[in-house]
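Printed here is start-v9.txt (compact mmCIF, C-alpha atoms):
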```
# COMPACT_ATOMS: atom_id res chain seq x y z
CA MET A 254 83.45 113.06 93.25
CA SER A 255 86.71 112.26 94.94
CA ILE A 256 87.28 108.94 96.65
CA LYS A 257 87.90 109.03 100.39
CA TYR A 258 90.07 106.32 101.89
CA THR A 259 87.85 105.13 104.73
CA VAL A 260 86.60 101.76 105.94
CA SER A 261 83.11 102.62 104.68
CA THR A 262 84.53 103.27 101.19
CA LEU A 263 86.18 99.85 101.27
CA LYS A 264 82.83 98.31 102.25
CA LYS A 265 81.13 100.12 99.36
CA PHE A 266 83.65 98.69 96.92
CA GLU A 267 83.08 95.23 98.40
CA GLU A 268 79.34 95.74 97.77
CA LEU A 269 80.08 96.85 94.20
CA TYR A 270 82.11 93.72 93.53
CA ASP A 271 79.35 91.62 95.07
CA GLU A 272 76.82 93.26 92.74
CA ILE A 273 78.92 92.50 89.66
CA GLY A 274 79.39 88.90 90.74
CA TYR A 275 82.98 89.01 91.96
CA SER A 276 84.17 87.70 95.28
CA ILE A 277 86.92 89.57 97.13
CA ARG A 278 89.43 87.79 99.33
CA PHE A 279 92.08 89.42 101.46
CA GLU A 280 94.85 86.85 101.58
CA LYS A 281 98.56 86.64 102.20
CA GLY A 282 100.30 86.78 98.87
CA ASN A 283 103.38 87.80 96.97
CA PHE A 284 101.60 89.85 94.32
CA HIS A 285 103.68 92.39 92.45
CA SER A 286 100.71 94.70 91.96
CA GLY A 287 99.07 94.00 95.33
CA TYR A 288 96.32 91.89 93.83
CA CYS A 289 95.53 88.90 91.64
CA ILE A 290 92.43 88.29 89.52
CA LEU A 291 91.05 84.82 88.93
CA GLN A 292 88.73 85.67 86.03
CA ASP A 293 87.35 82.17 85.48
CA ARG A 294 86.21 81.98 89.10
CA ARG A 295 85.35 85.70 89.35
CA ILE A 296 87.56 86.20 92.39
CA ALA A 297 89.80 89.16 93.21
CA VAL A 298 92.54 88.37 95.72
CA ILE A 299 93.98 91.41 97.50
CA ASN A 300 97.13 91.32 99.61
CA LYS A 301 95.91 91.49 103.22
CA PHE A 302 99.04 93.32 104.32
CA LEU A 303 98.22 96.38 102.22
CA PRO A 304 97.07 99.43 104.16
CA LEU A 305 93.50 100.66 103.69
CA GLU A 306 94.50 103.06 100.90
CA GLY A 307 96.33 100.26 99.06
CA ARG A 308 93.33 97.94 99.30
CA ILE A 309 90.97 100.55 97.87
CA ASN A 310 93.44 101.46 95.11
CA ALA A 311 93.84 97.78 94.19
CA LEU A 312 90.06 97.41 93.88
CA ILE A 313 89.94 100.55 91.71
CA ASP A 314 92.81 99.27 89.53
CA ILE A 315 90.95 96.02 88.86
CA LEU A 316 87.70 97.63 87.68
CA PRO A 317 88.76 98.58 84.11
CA SER A 318 90.01 95.04 83.43
CA ILE A 319 86.70 93.28 84.10
CA GLU A 320 83.50 93.39 82.10
CA ILE A 321 80.65 95.09 83.91
CA ASN A 322 77.05 95.43 82.79
CA GLN A 323 76.36 98.98 83.94
CA ASP A 324 72.62 98.56 83.40
CA ALA A 325 72.51 95.87 86.11
CA LEU A 326 74.08 98.11 88.76
CA SER A 327 72.03 100.04 91.30
CA LYS A 328 72.18 103.82 91.08
CA GLU A 329 74.52 104.12 94.08
CA MET A 330 76.90 101.44 92.78
CA LEU A 331 76.89 102.94 89.28
CA THR A 332 77.88 106.32 90.75
CA LEU A 333 80.70 104.68 92.72
CA TYR A 334 81.85 102.74 89.64
CA LEU A 335 81.92 105.82 87.41
CA SER A 336 83.71 107.91 90.04
CA ALA A 337 86.32 105.16 90.45
CA LEU A 338 86.94 105.07 86.70
CA ALA A 339 87.29 108.86 86.65
CA LYS A 340 89.86 108.79 89.49
CA PRO A 341 92.98 110.60 88.30
CA VAL A 342 96.13 108.51 88.09
CA GLU A 343 98.61 109.61 90.74
```
Serialized structure, structure tokens:
Amino acid sequence: MSIKYTVSTLKKFEELYDEIGYSIRFEKGNFHSGYCILQDRRIAVINKFLPLEGRINALIDILPSIEINQDALSKEMLTLYLSALAKPVE
């Protein structure tokens, strides 16, 4: 399954992060990678000036670095999670 860069895809990733207990904030920042992770507070801060594709890619880039209990995810979110991990590096 390939990932489409649409607003609904961004919303799905926001739902995924909500399900795993992470809060997403789109804030002004000077992040070298386009995002910052506050692991102790379970917050992902994404640069609000990134285009839609950049926001989605930042959320995908964060996924491998956080611990996720796959058994606790709904079927739809698990499918999204696994497809994001399988996304080829460009």
> A:Asp324: which residues within 12 Å, counting all atoms listed in the file, same-chain residues fewer than 5 positions away excluded, as an NGL selection string?
Replying inline: :A and (272-273 or 330-332 or 334)
>> From the options A:Val260, A:Asp314, A:His285, A:Lys265, which residue's atoms come nearest to A:Leu333, counting all atoms listed in the file?
In response: A:Lys265
>> Given the point (85.7, 103.6, 101.1) in the file's coordinates, find the residues that have an atom at most 12 Å from it, counting all atoms listed in the file, and give them as a list in words.
In response: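 Taken together, the residues in range are Ser255, Ile256, Lys257, Tyr258, Thr259, Val260, Ser261, Thr262, Leu263, Lys264, Lys265, Phe266, Glu267, Glu268, Leu269, Leu305, Glu306, Gly307, Arg308, Ile309, Asn310, Leu312, Ile313, Leu333 and Ala337 of chain A.
Note that the spacing between atom CA of A:Asn322 and atom CA of A:Glu280 amounts to 27.3 Å.
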> Quick one, how far is atom CA of A:Leu291 from atom CA of A:Lys328?
Replying inline: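 One can read the atom CA of A:Leu291 to atom CA of A:Lys328 distance as 26.9 Å.
Proximity of A:Pro304, A:Arg278, A:Ala297, A:Asn283 to A:Leu316, computed with all atoms listed in the file, is greatest for A:Ala297.
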>> Nearest residue to A:Asp293 out of A:Phe279, A:Ser336, A:Asp271, A:Ile319, using all atoms listed in the file?
In response: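 Closest candidate: A:Ile319.
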>> What does the structure give for the distance between atom CA of A:Gln292 and atom CA of A:Ala339, in Å to one decimal?
In response: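 Pair atom CA of A:Gln292 / atom CA of A:Ala339 returns 23.2 Å.
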> Quick one: of A:Ile315, A:Ser276, A:Tyr270, A:Phe302, who's nearest to A:Cys289, counting only C-alpha atoms?
Replying inline: A:Ile315
As AutoDock Vina command-line options, what would the box around stretch 263-281 of chain A look like: edges along x, y and z, 5 Å added on every side, centre and edge lengths in Å to one decimal?
```
--center_x 87.7 --center_y 93.4 --center_z 96.0 --size_x 31.7 --size_y 23.5 --size_z 22.6
```
> Taking all atoms listed in the file into account, which of A:Lys301, A:Leu338, A:Leu326, A:Ala311 comes nearest A:Tyr288?
Replying inline: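 Nearest candidate to A:Tyr288 out of A:Lys301, A:Leu338, A:Leu326, A:Ala311: A:Ala311.
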>> Considering all atoms listed in the file, can you say which of A:Lys281, A:Gly274, A:Glu329, A:Ser286 comes closest to A:Asn300?
In response: A:Lys281
Would you fill the gaps in stretch 299-322 of chain A so it has N, CA, C and O atoms, then print it as an mmCIF file, keeping the file's coordinate frame?
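Final file, out-v1.cif:
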```cif
data_model
loop_
_atom_site.group_PDB
_atom_site.id
_atom_site.type_symbol
_atom_site.label_atom_id
_atom_site.label_comp_id
_atom_site.auth_asym_id
_atom_site.auth_seq_id
_atom_site.Cartn_x
_atom_site.Cartn_y
_atom_site.Cartn_z
ATOM 1 N N ILE A 299 93.236 90.205 97.132
ATOM 2 C CA ILE A 299 93.980 91.410 97.500
ATOM 3 C C ILE A 299 94.943 91.046 98.628
ATOM 4 O O ILE A 299 94.573 90.315 99.549
ATOM 5 N N ASN A 300 96.145 91.576 98.564
ATOM 6 C CA ASN A 300 97.130 91.320 99.610
ATOM 7 C C ASN A 300 96.625 91.894 100.936
ATOM 8 O O ASN A 300 96.362 93.088 101.050
ATOM 9 N N LYS A 301 96.477 91.044 101.937
ATOM 10 C CA LYS A 301 95.910 91.490 103.220
ATOM 11 C C LYS A 301 96.843 92.388 104.012
ATOM 12 O O LYS A 301 96.416 93.023 104.962
ATOM 13 N N PHE A 302 98.091 92.466 103.614
ATOM 14 C CA PHE A 302 99.040 93.320 104.320
ATOM 15 C C PHE A 302 99.073 94.746 103.775
ATOM 16 O O PHE A 302 99.801 95.586 104.305
ATOM 17 N N LEU A 303 98.288 95.013 102.736
ATOM 18 C CA LEU A 303 98.220 96.380 102.220
ATOM 19 C C LEU A 303 97.461 97.255 103.216
ATOM 20 O O LEU A 303 96.508 96.801 103.849
ATOM 21 N N PRO A 304 97.860 98.514 103.317
ATOM 22 C CA PRO A 304 97.070 99.430 104.160
ATOM 23 C C PRO A 304 95.730 99.709 103.483
ATOM 24 O O PRO A 304 95.500 99.339 102.327
ATOM 25 N N LEU A 305 94.844 100.368 104.184
ATOM 26 C CA LEU A 305 93.500 100.660 103.690
ATOM 27 C C LEU A 305 93.539 101.339 102.320
ATOM 28 O O LEU A 305 92.829 100.946 101.393
ATOM 29 N N GLU A 306 94.381 102.339 102.171
ATOM 30 C CA GLU A 306 94.500 103.060 100.900
ATOM 31 C C GLU A 306 94.934 102.121 99.779
ATOM 32 O O GLU A 306 94.420 102.182 98.658
ATOM 33 N N GLY A 307 95.861 101.229 100.060
ATOM 34 C CA GLY A 307 96.330 100.260 99.060
ATOM 35 C C GLY A 307 95.246 99.289 98.660
ATOM 36 O O GLY A 307 95.137 98.919 97.486
ATOM 37 N N ARG A 308 94.434 98.853 99.604
ATOM 38 C CA ARG A 308 93.330 97.940 99.300
ATOM 39 C C ARG A 308 92.319 98.596 98.370
ATOM 40 O O ARG A 308 91.879 98.006 97.389
ATOM 41 N N ILE A 309 91.943 99.827 98.698
ATOM 42 C CA ILE A 309 90.970 100.550 97.870
ATOM 43 C C ILE A 309 91.551 100.799 96.481
ATOM 44 O O ILE A 309 90.873 100.597 95.471
ATOM 45 N N ASN A 310 92.808 101.216 96.415
ATOM 46 C CA ASN A 310 93.440 101.460 95.110
ATOM 47 C C ASN A 310 93.530 100.182 94.285
ATOM 48 O O ASN A 310 93.360 100.218 93.063
ATOM 49 N N ALA A 311 93.789 99.048 94.921
ATOM 50 C CA ALA A 311 93.840 97.780 94.190
ATOM 51 C C ALA A 311 92.470 97.457 93.605
ATOM 52 O O ALA A 311 92.366 97.027 92.452
ATOM 53 N N LEU A 312 91.415 97.669 94.379
ATOM 54 C CA LEU A 312 90.060 97.410 93.880
ATOM 55 C C LEU A 312 89.717 98.344 92.723
ATOM 56 O O LEU A 312 89.066 97.940 91.758
ATOM 57 N N ILE A 313 90.169 99.592 92.801
ATOM 58 C CA ILE A 313 89.940 100.550 91.710
ATOM 59 C C ILE A 313 90.732 100.140 90.471
ATOM 60 O O ILE A 313 90.233 100.213 89.346
ATOM 61 N N ASP A 314 91.970 99.681 90.658
ATOM 62 C CA ASP A 314 92.810 99.270 89.530
ATOM 63 C C ASP A 314 92.227 98.082 88.781
ATOM 64 O O ASP A 314 92.422 97.949 87.571
ATOM 65 N N ILE A 315 91.521 97.217 89.476
ATOM 66 C CA ILE A 315 90.950 96.020 88.860
ATOM 67 C C ILE A 315 89.747 96.347 87.979
ATOM 68 O O ILE A 315 89.536 95.707 86.948
ATOM 69 N N LEU A 316 88.965 97.337 88.355
ATOM 70 C CA LEU A 316 87.700 97.630 87.680
ATOM 71 C C LEU A 316 87.781 97.737 86.148
ATOM 72 O O LEU A 316 86.948 97.152 85.461
ATOM 73 N N PRO A 317 88.741 98.473 85.575
ATOM 74 C CA PRO A 317 88.760 98.580 84.110
ATOM 75 C C PRO A 317 89.049 97.256 83.393
ATOM 76 O O PRO A 317 88.716 97.101 82.221
ATOM 77 N N SER A 318 89.630 96.292 84.091
ATOM 78 C CA SER A 318 90.010 95.040 83.430
ATOM 79 C C SER A 318 88.913 93.982 83.436
ATOM 80 O O SER A 318 89.099 92.922 82.853
ATOM 81 N N ILE A 319 87.792 94.258 84.085
ATOM 82 C CA ILE A 319 86.700 93.280 84.100
ATOM 83 C C ILE A 319 85.472 93.856 83.410
ATOM 84 O O ILE A 319 85.252 95.067 83.412
ATOM 85 N N GLU A 320 84.707 92.967 82.797
ATOM 86 C CA GLU A 320 83.500 93.390 82.100
ATOM 87 C C GLU A 320 82.377 93.601 83.103
ATOM 88 O O GLU A 320 82.106 92.744 83.933
ATOM 89 N N ILE A 321 81.728 94.752 82.993
ATOM 90 C CA ILE A 321 80.650 95.090 83.910
ATOM 91 C C ILE A 321 79.445 95.555 83.101
ATOM 92 O O ILE A 321 79.569 96.422 82.234
ATOM 93 N N ASN A 322 78.292 94.988 83.399
ATOM 94 C CA ASN A 322 77.050 95.430 82.790
ATOM 95 C C ASN A 322 76.526 96.590 83.645
ATOM 96 O O ASN A 322 75.958 96.378 84.705
#
```
